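model07.cif, holding mmCIF, C-alpha atoms:
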data_run
loop_
_atom_site.label_atom_id
_atom_site.label_comp_id
_atom_site.auth_asym_id
_atom_site.auth_seq_id
_atom_site.Cartn_x
_atom_site.Cartn_y
_atom_site.Cartn_z
CA MET A 381 -241.86 89.17 8.43
CA LYS A 382 -238.67 87.32 9.10
CA GLN A 383 -239.23 84.16 7.07
CA ILE A 384 -235.83 83.48 5.52
CA PHE A 385 -236.05 79.82 4.61
CA PHE A 386 -232.55 79.26 3.21
CA LEU A 387 -232.29 75.82 4.71
CA CYS A 388 -235.80 74.90 3.58
CA ALA A 389 -234.90 75.87 0.04
CA MET A 390 -231.78 73.75 0.20
CA VAL A 391 -233.72 70.77 1.50
CA SER A 392 -236.34 71.15 -1.23
CA ALA A 393 -233.64 71.26 -3.88
CA GLY A 394 -232.01 68.19 -2.38
CA ILE A 395 -235.29 66.29 -2.39
CA ALA A 396 -235.86 67.18 -6.02
CA LEU A 397 -232.38 65.98 -6.97
CA ALA A 398 -232.81 62.79 -4.99
CA ALA A 399 -236.20 62.12 -6.54
CA GLN A 400 -234.72 62.36 -10.03
CA GLN A 401 -232.65 59.31 -9.18
CA GLY A 402 -235.69 57.04 -9.15
CA ASP A 403 -236.56 55.34 -5.89
CA GLY A 404 -233.85 57.02 -3.83
CA PHE A 405 -236.52 58.69 -1.69
CA PRO A 406 -239.61 56.44 -1.45
CA GLY A 407 -241.56 58.67 0.95
CA THR A 408 -244.71 57.58 2.78
CA LEU A 409 -247.68 55.95 1.07
CA VAL A 410 -250.82 58.11 1.31
CA GLU A 411 -254.01 58.31 -0.73
CA ILE A 412 -255.94 61.00 -2.59
CA GLY A 413 -259.17 61.41 -0.59
CA VAL A 414 -261.12 63.38 -3.22
CA ASP A 415 -260.52 64.22 -6.86
CA ALA A 416 -257.60 66.61 -6.36
CA ASP A 417 -255.73 69.31 -8.25
CA ALA A 418 -251.96 68.82 -8.54
CA TRP A 419 -249.42 71.46 -9.52
CA ALA A 420 -245.91 70.88 -10.85
CA LEU A 421 -243.07 72.05 -8.62
CA GLY A 422 -241.94 75.64 -8.93
CA MET A 423 -245.34 76.92 -10.00
CA ILE A 424 -245.83 80.31 -8.37
CA GLY A 425 -249.32 81.53 -7.43
CA ARG A 426 -251.05 78.22 -8.17
CA ARG A 427 -254.40 78.77 -9.85
CA ASP A 428 -257.26 76.70 -11.22
CA ASP A 429 -256.29 77.60 -14.77
CA ASN A 430 -252.76 76.19 -14.51
CA VAL A 431 -253.42 72.89 -12.75
CA THR A 432 -250.87 70.38 -14.05
CA ARG A 433 -253.13 67.37 -13.67
CA ARG A 434 -256.10 65.96 -11.75
CA LEU A 435 -255.57 62.98 -9.47
CA PRO A 436 -258.72 60.90 -8.97
CA GLN A 437 -259.96 59.81 -5.57
CA GLY A 438 -258.27 56.62 -4.40
CA THR A 439 -254.97 57.29 -6.22
CA ARG A 440 -252.05 56.16 -4.08
CA VAL A 441 -249.09 58.54 -3.98
CA LEU A 442 -245.89 58.97 -2.02
CA GLY A 443 -245.89 61.81 0.47
CA GLU A 444 -242.51 63.54 0.64
CA ILE A 445 -242.87 66.91 2.41
CA THR A 446 -245.69 66.94 4.93
CA HIS A 447 -246.65 70.57 5.33
CA LEU A 448 -245.78 73.68 3.36
CA ARG A 449 -247.41 77.09 3.03
CA GLY A 450 -248.39 78.60 -0.31
CA GLU A 451 -250.99 80.45 -2.32
CA ILE A 452 -253.72 78.77 -4.32
CA ASN A 453 -256.07 81.13 -6.16
CA ASP A 454 -254.68 84.01 -4.06
CA VAL A 455 -255.59 82.24 -0.80
CA ILE A 456 -252.99 80.97 1.68
CA GLU A 457 -253.35 77.18 1.87
CA ASP A 458 -251.59 74.18 3.40
CA ILE A 459 -249.71 72.21 0.77
CA THR A 460 -248.11 68.76 0.73
CA ARG A 461 -245.47 67.63 -1.73
CA ILE A 462 -246.09 64.21 -3.25
CA ARG A 463 -244.58 61.98 -5.93
CA HIS A 464 -246.69 60.10 -8.46
CA GLY A 465 -245.67 58.41 -11.69
CA GLY A 466 -242.07 59.49 -11.18
CA ASN A 467 -243.01 63.18 -10.97
CA LEU A 468 -243.20 65.60 -8.05
CA TYR A 469 -246.36 67.61 -7.42
CA ASN A 470 -247.89 69.91 -4.84
CA VAL A 471 -251.43 69.17 -3.63
CA ARG A 472 -253.67 70.60 -0.94
CA THR A 473 -252.93 68.86 2.35
CA ARG A 474 -256.65 68.52 3.05
CA ASP A 475 -257.05 66.37 -0.10
CA LEU A 476 -254.99 63.47 1.36
CA VAL A 477 -256.05 60.55 3.56
CA PRO A 478 -254.03 57.69 5.12
CA ALA A 479 -253.45 54.70 2.86
CA GLY A 480 -253.50 52.33 5.83
CA GLY A 481 -257.17 52.89 6.58
CA GLY A 482 -259.10 54.56 9.36
CA ARG A 483 -260.43 58.09 9.48
CA LEU A 484 -260.58 60.76 12.18
CA SER A 485 -263.93 62.18 13.23
CA ARG A 486 -264.67 65.44 11.40
CA ASP A 487 -264.57 67.44 14.64
CA TRP A 488 -260.93 66.38 15.10
CA ILE A 489 -259.83 67.96 11.82
CA THR A 490 -258.43 71.36 12.78
CA ALA A 491 -256.75 73.29 9.98
CA PRO A 492 -253.96 75.37 11.49
CA ASN A 493 -254.35 78.97 12.49
CA THR A 494 -252.10 81.55 10.80
CA GLN A 495 -251.58 85.26 10.88
CA TRP A 496 -253.61 85.39 7.66
CA ASP A 497 -256.78 83.70 8.91
CA TRP A 498 -256.64 84.57 12.61
CA PHE A 499 -260.01 86.33 12.64
CA THR A 500 -261.70 84.32 9.90
CA ALA A 501 -260.78 80.70 10.75
CA PRO A 502 -263.94 78.65 11.52
CA ASP A 503 -262.65 77.72 14.97
CA ALA A 504 -260.49 80.78 15.70
CA ARG A 505 -261.74 80.90 19.29
CA ARG A 506 -260.61 77.38 20.21
CA ARG A 507 -257.12 76.02 19.54
CA TRP A 508 -254.89 73.33 21.06
CA VAL A 509 -251.77 74.58 22.85
CA ALA A 510 -249.12 72.72 24.84
CA SER A 511 -250.57 72.65 28.36
CA TYR A 512 -247.37 74.06 29.83
CA PHE A 513 -248.16 77.37 28.08
CA LEU A 514 -250.89 77.73 30.73
CA ASP A 515 -248.16 77.57 33.37
CA VAL A 516 -246.27 80.32 31.52
CA LEU A 517 -249.37 82.50 31.44
CA GLN A 518 -250.10 81.74 35.08
CA SER A 519 -246.59 82.92 36.00
CA GLN A 520 -247.07 86.23 34.10
CA ASP A 521 -243.34 86.10 33.34
CA ARG A 522 -242.07 85.35 29.83
CA ASP A 523 -238.83 83.90 31.21
CA THR A 524 -240.94 80.87 32.16
CA PHE A 525 -240.89 79.92 28.45
CA TRP A 526 -237.23 79.00 28.88
CA ARG A 527 -238.14 76.34 31.45
CA TYR A 528 -239.95 74.33 28.78
CA GLU A 529 -238.46 75.38 25.43
CA GLN A 530 -234.86 76.31 26.22
CA PRO A 531 -233.07 74.22 23.51
CA TRP A 532 -235.32 75.60 20.77
CA MET A 533 -235.18 79.19 22.05
CA ASP A 534 -231.40 79.07 22.45
CA ARG A 535 -231.03 78.07 18.81
CA GLU A 536 -233.58 80.61 17.58
CA THR A 537 -231.92 83.41 19.55
CA ALA A 538 -228.48 82.49 18.17
CA MET A 539 -229.80 82.51 14.61
CA ILE A 540 -231.59 85.82 15.06
CA MET A 541 -228.45 87.38 16.53
CA ALA A 542 -226.38 85.99 13.66
CA SER A 543 -228.69 87.60 11.09
CA GLU A 544 -229.17 90.81 13.09
CA PRO A 545 -225.83 91.53 14.80
CA MET A 546 -227.10 94.94 15.98
CA GLY A 547 -229.78 93.32 18.07
CA GLY A 548 -232.96 91.32 17.82
CA SER A 549 -234.85 88.89 19.97
CA TRP A 550 -237.07 85.89 19.53
CA PHE A 551 -239.55 87.51 21.91
CA THR A 552 -240.09 90.69 19.90
CA SER A 553 -241.38 89.01 16.75
CA VAL A 554 -243.47 86.07 17.98
CA TRP A 555 -247.00 85.69 16.57
CA SER A 556 -249.94 84.59 18.70
CA SER A 557 -250.63 81.84 16.15
CA GLU A 558 -247.26 80.24 16.96
CA PHE A 559 -248.58 78.94 20.26
CA GLU A 560 -250.92 76.56 18.46
CA SER A 561 -249.40 73.18 19.24
CA LEU A 562 -251.62 70.43 17.82
CA PHE A 563 -253.65 70.25 14.64
CA PHE A 564 -254.87 67.44 12.45
CA PHE A 565 -255.48 66.94 8.78
CA ASP A 566 -256.74 63.55 7.59
CA ALA A 567 -253.24 62.37 6.64
CA VAL A 568 -250.96 64.86 8.42
CA VAL A 569 -250.57 65.88 12.06
CA PHE A 570 -248.57 68.71 13.61
CA ILE A 571 -247.64 68.14 17.24
CA GLY A 572 -245.36 69.99 19.61
CA GLY A 573 -244.73 73.39 21.14
CA PHE A 574 -242.49 75.92 19.40
CA SER A 575 -240.29 73.03 18.30
CA GLY A 576 -243.05 70.77 17.00
CA SER A 577 -242.85 68.40 14.06
CA VAL A 578 -245.18 67.43 11.24
CA PHE A 579 -245.77 63.77 10.35
CA PHE A 580 -247.64 61.76 7.77
CA ILE A 581 -250.36 59.56 9.26
CA THR A 582 -250.19 55.99 7.97
CA ASP A 583 -252.94 54.37 10.05
CA ILE A 584 -255.78 55.37 12.37
CA ILE A 585 -257.49 52.98 14.80
CA PRO A 586 -260.48 54.32 16.79
CA PHE A 587 -261.38 52.91 20.19
CA SER A 588 -263.80 53.82 22.97
CA ALA A 589 -261.82 56.76 24.39
CA GLY A 590 -259.96 58.19 21.40
CA TYR A 591 -257.61 57.20 18.58
CA ARG A 592 -254.39 55.31 18.10
CA ILE A 593 -252.48 56.97 15.24
CA THR A 594 -249.40 55.60 13.49
CA MET A 595 -247.01 58.20 12.08
CA ALA A 596 -244.09 57.93 9.68
CA ASN A 597 -240.97 59.38 11.29
CA GLN A 598 -239.44 60.45 7.98
CA SER A 599 -239.21 64.25 8.14
CA PHE A 600 -235.80 65.67 7.25
CA PHE A 601 -235.90 67.66 10.47
CA THR A 602 -236.17 64.52 12.59
CA ALA A 603 -232.63 63.60 11.62
CA ASP A 604 -230.85 63.16 14.95
CA TRP A 605 -228.29 65.90 14.37
CA LEU A 606 -230.97 68.52 13.56
CA TYR A 607 -233.64 67.54 16.03
CA ILE A 608 -234.63 69.75 18.96
CA SER A 609 -237.92 69.34 20.80
CA ALA A 610 -239.51 69.80 24.19
CA LEU A 611 -241.37 66.52 23.58
CA PRO A 612 -239.77 63.05 23.71
CA PHE A 613 -240.22 62.04 20.07
CA PRO A 614 -238.41 58.82 19.10
CA LEU A 615 -235.22 59.62 17.22
CA TRP A 616 -235.29 58.87 13.52
CA SER A 617 -232.25 56.58 13.89
CA GLU A 618 -234.18 54.46 16.42
CA ARG A 619 -237.62 54.18 14.80
CA GLN A 620 -238.96 55.04 11.37
CA SER A 621 -242.56 55.00 12.64
CA PHE A 622 -244.30 55.25 15.99
CA ASP A 623 -247.78 55.24 17.52
CA LEU A 624 -249.39 58.01 19.55
CA ILE A 625 -252.60 57.45 21.52
CA PHE A 626 -254.87 60.53 21.74
CA ILE A 627 -257.50 60.65 24.51
CA PRO A 628 -259.61 63.82 24.96
CA ASP A 629 -260.76 64.81 28.45
CA GLY A 630 -262.88 67.95 28.53
CA ASP A 631 -260.69 70.83 27.34
CA PHE A 632 -257.55 68.66 27.52
CA MET A 633 -255.97 66.09 25.22
CA ASP A 634 -253.71 63.48 26.79
CA VAL A 635 -251.21 61.82 24.45
CA TYR A 636 -249.31 58.59 25.06
CA LEU A 637 -246.46 56.94 23.16
CA ASP A 638 -247.30 53.31 22.24
CA SER A 639 -249.18 52.53 25.49
CA LEU A 640 -251.05 54.22 28.34
CA GLY A 641 -248.04 53.59 30.55
CA SER A 642 -245.92 56.09 28.57
CA HIS A 643 -247.28 59.63 28.84
CA PHE A 644 -246.02 61.78 25.97
CA ALA A 645 -247.71 65.19 26.21
CA THR A 646 -250.84 67.06 27.24
CA PHE A 647 -252.55 69.79 25.25
CA ALA A 648 -255.24 72.25 26.29
CA LYS A 649 -257.92 73.88 24.13
CA VAL A 650 -258.02 77.64 24.62
CA ASP A 651 -259.82 80.59 23.03
CA ALA A 652 -258.40 83.53 21.08
CA ALA A 653 -257.98 85.70 24.18
CA VAL A 654 -255.56 83.22 25.77
CA LEU A 655 -253.56 82.90 22.54
CA GLU A 656 -253.37 86.65 22.09
CA GLU A 657 -252.26 87.24 25.68
CA LEU A 658 -249.57 84.57 25.34
CA GLY A 659 -248.26 86.51 22.34
CA GLU A 660 -248.41 89.78 24.24
CA LEU A 661 -246.59 88.23 27.20
CA ALA A 662 -243.81 87.00 24.90
CA ARG A 663 -243.42 90.33 23.12
CA THR A 664 -243.77 92.79 26.02
CA ASN A 665 -243.65 90.70 29.22
CA THR A 666 -247.04 92.12 30.14
CA VAL A 667 -250.48 90.54 30.07
CA ASP A 668 -254.06 91.81 30.38
CA LEU A 669 -255.73 89.12 32.47
CA SER A 670 -259.10 90.90 32.37
CA ARG A 671 -259.51 89.68 28.76
CA ILE A 672 -259.43 86.03 29.84
CA THR A 673 -262.80 84.69 31.00
CA ALA A 674 -262.44 81.01 30.12
CA TRP A 675 -259.82 78.53 31.35
CA PRO A 676 -259.37 74.88 30.31
CA ARG A 677 -261.02 72.27 32.55
CA ARG A 678 -261.11 68.51 32.45
CA ALA A 679 -264.41 66.69 32.17
CA ASP A 680 -264.65 66.45 35.96
CA GLY A 681 -264.14 70.22 36.31
CA SER A 682 -260.51 70.04 37.48
CA MET A 683 -257.67 72.07 35.94
CA ASP A 684 -254.08 70.96 35.35
CA PHE A 685 -252.89 74.53 35.97
CA PRO A 686 -254.90 77.08 37.97
CA PRO A 687 -255.77 80.31 36.16
CA PRO A 688 -253.74 83.42 37.02
CA GLY A 689 -254.92 85.30 40.06
CA GLY A 690 -256.37 88.13 38.00
CA VAL A 691 -258.59 85.88 35.90
CA THR A 692 -262.27 85.82 36.84
CA LEU A 693 -264.19 83.10 35.09
CA ALA A 694 -267.24 85.26 34.54
CA PHE A 695 -270.67 83.73 34.03
CA ARG A 696 -273.81 85.53 32.88
CA ALA A 697 -276.86 83.27 32.60
CA SER A 698 -278.95 83.98 29.51
CA HIS A 699 -280.87 80.71 29.00
CA ARG A 700 -281.97 77.62 30.89
CA THR A 701 -282.47 74.06 29.69
CA THR A 702 -285.93 72.63 29.06
CA ALA A 703 -284.60 69.03 29.15
CA ARG A 704 -281.40 67.22 30.02
CA LEU A 705 -278.94 68.52 27.45
CA HIS A 706 -275.48 67.47 26.30
CA VAL A 707 -272.67 70.02 25.91
CA ARG A 708 -270.35 68.83 23.13
CA GLU A 709 -266.90 69.71 21.79
CA SER A 710 -268.33 70.85 18.46
CA SER A 711 -271.69 71.51 16.82
CA THR A 712 -272.64 67.95 15.89
CA THR A 713 -274.28 65.08 17.72
CA ALA A 714 -271.24 62.93 16.84
CA ALA A 715 -268.87 65.14 18.86
CA ASN A 716 -267.50 64.15 22.26
CA ILE A 717 -269.61 65.14 25.28
CA VAL A 718 -267.99 67.74 27.57
CA THR A 719 -270.72 67.56 30.22
CA THR A 720 -274.49 66.99 30.55
CA LEU A 721 -276.80 69.69 31.88
CA ASP A 722 -279.78 68.83 34.07
CA LEU A 723 -283.30 70.14 33.41
CA GLY A 724 -283.43 73.81 34.43
CA ALA A 725 -279.65 74.35 34.36
CA GLU A 726 -278.62 77.91 33.45
CA VAL A 727 -276.14 78.68 30.69
CA GLN A 728 -274.64 81.67 28.95
CA ILE A 729 -274.68 81.66 25.14
CA LEU A 730 -271.28 82.72 23.82
CA GLU A 731 -271.69 82.13 20.09
CA THR A 732 -274.36 81.03 17.60
CA GLY A 733 -273.61 78.46 14.93
CA SER A 734 -275.43 76.66 12.12
CA MET A 735 -279.10 75.67 12.03
CA GLU A 736 -280.20 72.04 12.32
CA THR A 737 -283.40 70.05 12.80
CA ILE A 738 -283.29 67.49 15.61
CA GLY A 739 -286.36 65.55 16.78
CA GLY A 740 -288.58 67.75 14.63
CA VAL A 741 -287.21 70.94 16.24
CA THR A 742 -285.28 73.43 14.10
CA ALA A 743 -282.83 75.67 15.94
CA PRO A 744 -279.18 76.74 15.83
CA TRP A 745 -276.28 75.15 17.61
CA VAL A 746 -274.91 77.52 20.26
CA ARG A 747 -271.64 77.57 22.19
CA VAL A 748 -272.52 77.82 25.87
CA GLN A 749 -270.86 78.15 29.25
CA ASP A 750 -272.49 76.79 32.38
CA ALA A 751 -272.19 77.97 35.97
CA ASN A 752 -269.36 75.50 36.62
CA GLY A 753 -267.19 76.89 33.83
CA TYR A 754 -267.77 74.15 31.24
CA THR A 755 -267.94 75.40 27.67
CA GLY A 756 -269.06 73.62 24.52
CA TRP A 757 -271.81 73.35 21.92
CA SER A 758 -275.48 72.55 22.63
CA PHE A 759 -278.62 72.40 20.52
CA ALA A 760 -280.64 75.57 21.21
CA GLY A 761 -283.96 73.81 20.59
CA PHE A 762 -283.91 72.75 24.25
CA LEU A 763 -283.03 76.17 25.72
CA GLU A 764 -285.30 79.03 26.76
CA ALA A 765 -284.34 82.63 27.54
CA VAL A 766 -284.14 83.88 31.11
CA GLN A 767 -283.64 87.33 32.64
CA LEU A 768 -279.92 88.08 32.73
CA THR A 769 -278.20 87.68 36.08
CA VAL A 770 -274.54 87.97 36.98
CA GLN A 771 -272.57 85.67 39.22
CA ALA A 772 -268.91 84.76 39.64
CA VAL A 773 -267.44 81.32 39.33
CA GLU A 774 -264.47 80.62 41.60
CA PRO A 775 -261.56 78.80 39.93
CA ALA A 776 -261.18 75.20 41.03
CA GLU A 777 -257.95 74.14 42.69
CA ALA A 778 -255.42 72.40 40.51
CA PRO A 779 -255.01 68.67 41.07
CA THR A 780 -251.94 67.70 43.08
CA ALA A 781 -250.83 65.18 40.42
CA ALA A 782 -251.78 64.20 36.90
CA THR A 783 -254.39 61.47 36.67
CA VAL A 784 -253.82 58.60 34.24
CA ILE A 785 -256.99 58.00 32.26
CA ALA A 786 -258.45 54.51 32.51
CA VAL A 787 -260.16 53.24 29.37
CA GLU A 788 -262.85 50.59 29.20
CA GLN A 789 -261.03 48.39 26.76
CA THR A 790 -257.48 47.64 25.73
CA VAL A 791 -256.06 50.22 23.37
CA PRO A 792 -255.78 48.51 19.98
CA VAL A 793 -252.38 47.63 18.54
CA SER A 794 -251.51 49.22 15.22
CA GLN A 795 -251.12 46.85 12.26
CA SER A 796 -249.84 49.53 9.89
CA ASP A 797 -247.14 48.55 7.40
CA THR A 798 -244.23 50.97 7.79
CA THR A 799 -242.05 49.75 4.95
CA GLY A 800 -242.59 53.04 3.09
CA SER A 801 -240.48 55.06 5.53
CA MET A 802 -237.32 56.72 4.30
CA PRO A 803 -234.15 54.57 4.44
CA PRO A 804 -230.88 56.05 5.78
CA TRP A 805 -229.36 56.37 2.32
CA GLY A 806 -232.44 58.33 1.23
CA LEU A 807 -231.61 60.92 3.87
CA LEU A 808 -228.01 61.06 2.65
CA ALA A 809 -229.25 61.69 -0.87
CA ILE A 810 -231.29 64.63 0.36
CA ILE A 811 -228.36 66.12 2.25
CA GLY A 812 -226.03 65.65 -0.69
CA GLY A 813 -228.51 67.20 -3.09
CA ALA A 814 -229.09 70.13 -0.73
CA ILE A 815 -225.37 70.84 -0.44
CA ALA A 816 -224.90 70.60 -4.20
CA ALA A 817 -227.84 72.92 -4.83
CA GLY A 818 -227.64 75.53 -2.15
CA GLY A 819 -224.27 76.43 -0.61
CA ALA A 820 -223.46 76.70 3.02
CA VAL A 821 -226.04 79.10 4.46
CA LEU A 822 -227.90 77.52 7.39
CA VAL A 823 -230.17 80.28 8.59
CA VAL A 824 -233.62 79.25 9.72
CA VAL A 825 -236.21 81.55 11.17
CA ARG A 826 -238.75 79.78 13.35
CA ARG A 827 -241.55 77.80 11.77
CA ARG A 828 -244.78 79.47 10.70
CA LYS A 829 -247.80 77.28 11.03
#
Encoded form (C-alpha cells):
Amino acid sequence: MKQIFFLCAMVSAGIALAAQQGDGFPGTLVEIGVDADAWALGMIGRRDDNVTRRLPQGTRVLGEITHLRGEINDVIEDITRIRHGGNLYNVRTRDLVPAGGGRLSRDWITAPNTQWDWFTAPDARRRWVASYFLDVLQSQDRDTFWRYEQPWMDRETAMIMASEPMGGSWFTSVWSSEFESLFFFDAVVFIGGFSGSVFFITDIIPFSAGYRITMANQSFFTADWLYISALPFPLWSERQSFDLIFIPDGDFMDVYLDSLGSHFATFAKVDAAVLEELGELARTNTVDLSRITAWPRRADGSMDFPPPGGVTLAFRASHRTTARLHVRESSTTAANIVTTLDLGAEVQILETGSMETIGGVTAPWVRVQDANGYTGWSFAGFLEAVQLTVQAVEPAEAPTAATVIAVEQTVPVSQSDTTGSMPPWGLLAIIGGAIAAGGAVLVVVRRRK
C-alpha cells in the first residue's frame, strides 16, 4: 500500500508545536457525546489497558484534526485529535457530537468504508458516491474521470511519478472504497469526490426535507495554496465557516451552499457492485456490467444518469404486500420513505435484517426491490411469499435537466457561533512548526478513507 504520509506527519508535528504555545490554535468547539476513552499523542496500538484518561459525556473540547485512521484494540477505527485542559488527545470520532446543538437521524450516520471492512461494514452494499461517477461508469471509459477530477488527478499523477520515476499510475492502485464520497459522523462530515475534505460540524438544524449543517472551514488542507477540489468549497481565506443544506430524494442527495438557489453537489447511493466496477474500470479500463442490477433513482423513478447499455435492472418477484407498505432508506420507521407499495404489489427480497415487533406482529426488516426498480427496507410482517417469476425492468430515460427541489417551508438560517475557527496566525504557526519539525519532503499519496 502506497500510504507515505510525509506531509501529514509534518502537519501533525506542526500542530503539536503550535498547541504547546497555548491558544495559538484554538480549533473548533465540539462535545463528548458519551463517556469516552482518550489516548495521549504518539501512543501506538491504542488499547483499553493504556487509556490516558476518560472524558465524561458533555465535556467540551477543541477539535483540531477531524479524521485520522488508526488501530484501537487491534481494530481499524476513525480517530479525531482534540485538545482538552491544555493537552492533546486522540478519541474515537464516533464519540463526538456538535457543541452547537442538533443531531442527525441515526440512519444518516454512515461510518466510512475502507479496504479493511469492505465485506463486513453494516451497510457495505449502499454507499454515497459523487453522482458524476455514474457518468464515468456509463461511459465505460476511465478517461472520463479526468473530465471531473483533472486538477486532483494531475497532482496525484505527478507525485506518483516523482516517487516512482520508472513508472506508476494513479489508475493502477485505486481502491474501490475511494469512490465513497459522502459520509457522516455526529460531529464530522466527509464530502467530495477523490479530492474531498473533512469538516467539523458545529451546528445541525433539521427541517421538513432534510438538514442544514454548519461546518468549520479550518482544515489545514483548505488553505488556499493547497486546496484542490472538484466541488466549489468556499476558500478558507474567504470564510471560516459555511452552511450546506442536505436534501435526500430517493437514491440521491442534493446539496446546496447556504440557500436552495446555490446548488453545490449531488450524490448517489449505490451498492457494492457499482463501487467494485468503478474500481475495476479505473484499474483496467474494463467493466463487467452484468454484475450491476441496481441503479440509483429519484423518488419519482427518474435517474440523473441512465445506466450503461449493458445493465439490466433485473427483478424477480418473491413476495407480495398484504397491505399498503412503505419502503424506507433504512430498517427503522423513522427513516425517510423511498416509495409506498399498494396492496398486492410484488417485490423481490434482497437482504434480511433485524427482527422487530410492529403492531403486535414480529418479523424481520427486509431490503426489497419493486417492479419499478425502487429499493429500500420494508417490514416483512406485511409480506407474503409468491411463486417466483422473472421479468425485466426497462431503464427510465434520464431527465433533460436537473430539477430543483421545492420544500414546504423556508430552510432555517443557522445561528451557530463560529468564533472557534482557526485564525490566520494559527495556520502560520502550524506551517512554521511543520517546517521546523519535518524538512522539505512534500510527498502525499492520495487520501484513504
Practice task
Compile the contact shell of Met595 (chain A) as a list in words: residues with an atom at most 7 Å away, counting all atoms listed in the file, same-chain residues fewer than 2 positions apart removed.
Solution key: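 Here the answer would be Phe579, Phe580, Ile581, Thr582, Ile593, Asn597, Ser621, Phe622 and Asp623 of chain A.
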Practice task
May I ask for the distance between CA of Phe685 (chain A) and CA of Glu660 (chain A), given in Å to one decimal place?
Solution key: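 Distance reported for this atom pair: 19.8 Å.
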Please evaluate the PyMOL selection byres ((chain A and resi 674) around 10) against the structure above and give the resulting residues as a CSV table (one decimal) with C-alpha atoms, in the coordinates of the input.
chain,number,residue,atom,x,y,z
A,650,VAL,CA,-258.0,77.6,24.6
A,651,ASP,CA,-259.8,80.6,23.0
A,653,ALA,CA,-258.0,85.7,24.2
A,654,VAL,CA,-255.6,83.2,25.8
A,671,ARG,CA,-259.5,89.7,28.8
A,672,ILE,CA,-259.4,86.0,29.8
A,673,THR,CA,-262.8,84.7,31.0
A,675,TRP,CA,-259.8,78.5,31.4
A,676,PRO,CA,-259.4,74.9,30.3
A,677,ARG,CA,-261.0,72.3,32.6
A,687,PRO,CA,-255.8,80.3,36.2
A,691,VAL,CA,-258.6,85.9,35.9
A,692,THR,CA,-262.3,85.8,36.8
A,693,LEU,CA,-264.2,83.1,35.1
A,694,ALA,CA,-267.2,85.3,34.5
A,695,PHE,CA,-270.7,83.7,34.0
A,749,GLN,CA,-270.9,78.2,29.2
A,753,GLY,CA,-267.2,76.9,33.8
A,754,TYR,CA,-267.8,74.2,31.2
A,755,THR,CA,-267.9,75.4,27.7
Handout entry: 9 Å contact set for Leu721 (chain A), all atoms listed in the file, chain neighbours under 4 positions out, as a list of chain:residue names
Key = A:Thr701, A:Ala703, A:Arg704, A:Leu705, A:His706, A:Val707, A:Ala725, A:Glu726, A:Asp750
To test your reading of the syntax: which residues would the PyMOL selection byres ((chain A and resi 731) around 10) return for the file shown? Reply as a short mmCIF file (atom, residue, chain, number, x, y, z; two decimals) with C-alpha atoms, in the coordinates of the input.
data_model
loop_
_atom_site.label_atom_id
_atom_site.label_comp_id
_atom_site.auth_asym_id
_atom_site.auth_seq_id
_atom_site.Cartn_x
_atom_site.Cartn_y
_atom_site.Cartn_z
CA GLN A 728 -274.64 81.67 28.95
CA ILE A 729 -274.68 81.66 25.14
CA LEU A 730 -271.28 82.72 23.82
CA THR A 732 -274.36 81.03 17.60
CA GLY A 733 -273.61 78.46 14.93
CA TRP A 745 -276.28 75.15 17.61
CA VAL A 746 -274.91 77.52 20.26
CA ARG A 747 -271.64 77.57 22.19
CA VAL A 748 -272.52 77.82 25.87
CA GLY A 756 -269.06 73.62 24.52
CA TRP A 757 -271.81 73.35 21.92
#
Practice task
Extract, using only C-alpha atoms, all DNA, RNA and protein residues at most 7 Å from Thr702 (chain A), discarding same-chain residues fewer than 5 positions from it, and format them as a list in words.
Solution key: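 Close residues of Thr702 (chain A): Leu723, Gly724, Phe762, Leu763 and Glu764 of chain A.
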With all atoms of region 650-655 of chain A from the file as input, state the centre and edge lengths in Å to one decimal of the axis-aligned box that has 8 Å extra on each side, as JSON.
{"center_x": -256.7, "center_y": 81.7, "center_z": 23.4, "size_x": 22.3, "size_y": 24.1, "size_z": 20.7}
Practice task
May I ask for the distance between CA of Ile462 (chain A) and CA of Gly413 (chain A), given in Å to one decimal place?
Solution key: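 Distance between the two atoms: 13.6 Å.
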Problem - Of the listed residues A:Val791, A:Ala760, A:Ile540, A:Ile571, that which approaches Glu736 (chain A) most closely, counting only C-alpha atoms - result: A:Ala760
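Nearest residue to His643 (chain A) among A:Leu655, A:Pro612, A:Pro628, A:Val414 is A:Pro612, counting all atoms listed in the file.
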Problem - Result set, the PyMOL selection byres ((chain A and resi 473) around 6) on current file, as JSON, numbers by chain - result: {"A": [458, 459, 460, 472, 474, 475, 476]}
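Those residues that approach Tyr512 (chain A) to within 9 Å, counting all atoms listed in the file, are Val509, Ala510, Leu514, Asp515, Val516, Leu517, Phe525, Tyr528, Thr646, Phe647, Ala648 and Phe685 of chain A; same-chain residues fewer than 2 positions away are not listed.
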Problem - Asn453 (chain A) surroundings by only C-alpha atoms, 9 Å radius, close-in-sequence under 3 positions cut, as a list of chain:residue names - result: A:Gly425, A:Arg426, A:Arg427, A:Asp428, A:Ile456
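We find CA of Tyr591 (chain A) and CA of Ser639 (chain A) to be spaced 11.9 Å apart.
In terms of minimum interatomic distance to Arg486 (chain A), A:Asp566 ranks closest within A:Glu618, A:Asp566, A:Asp583, A:Asp631, counting all atoms listed in the file.
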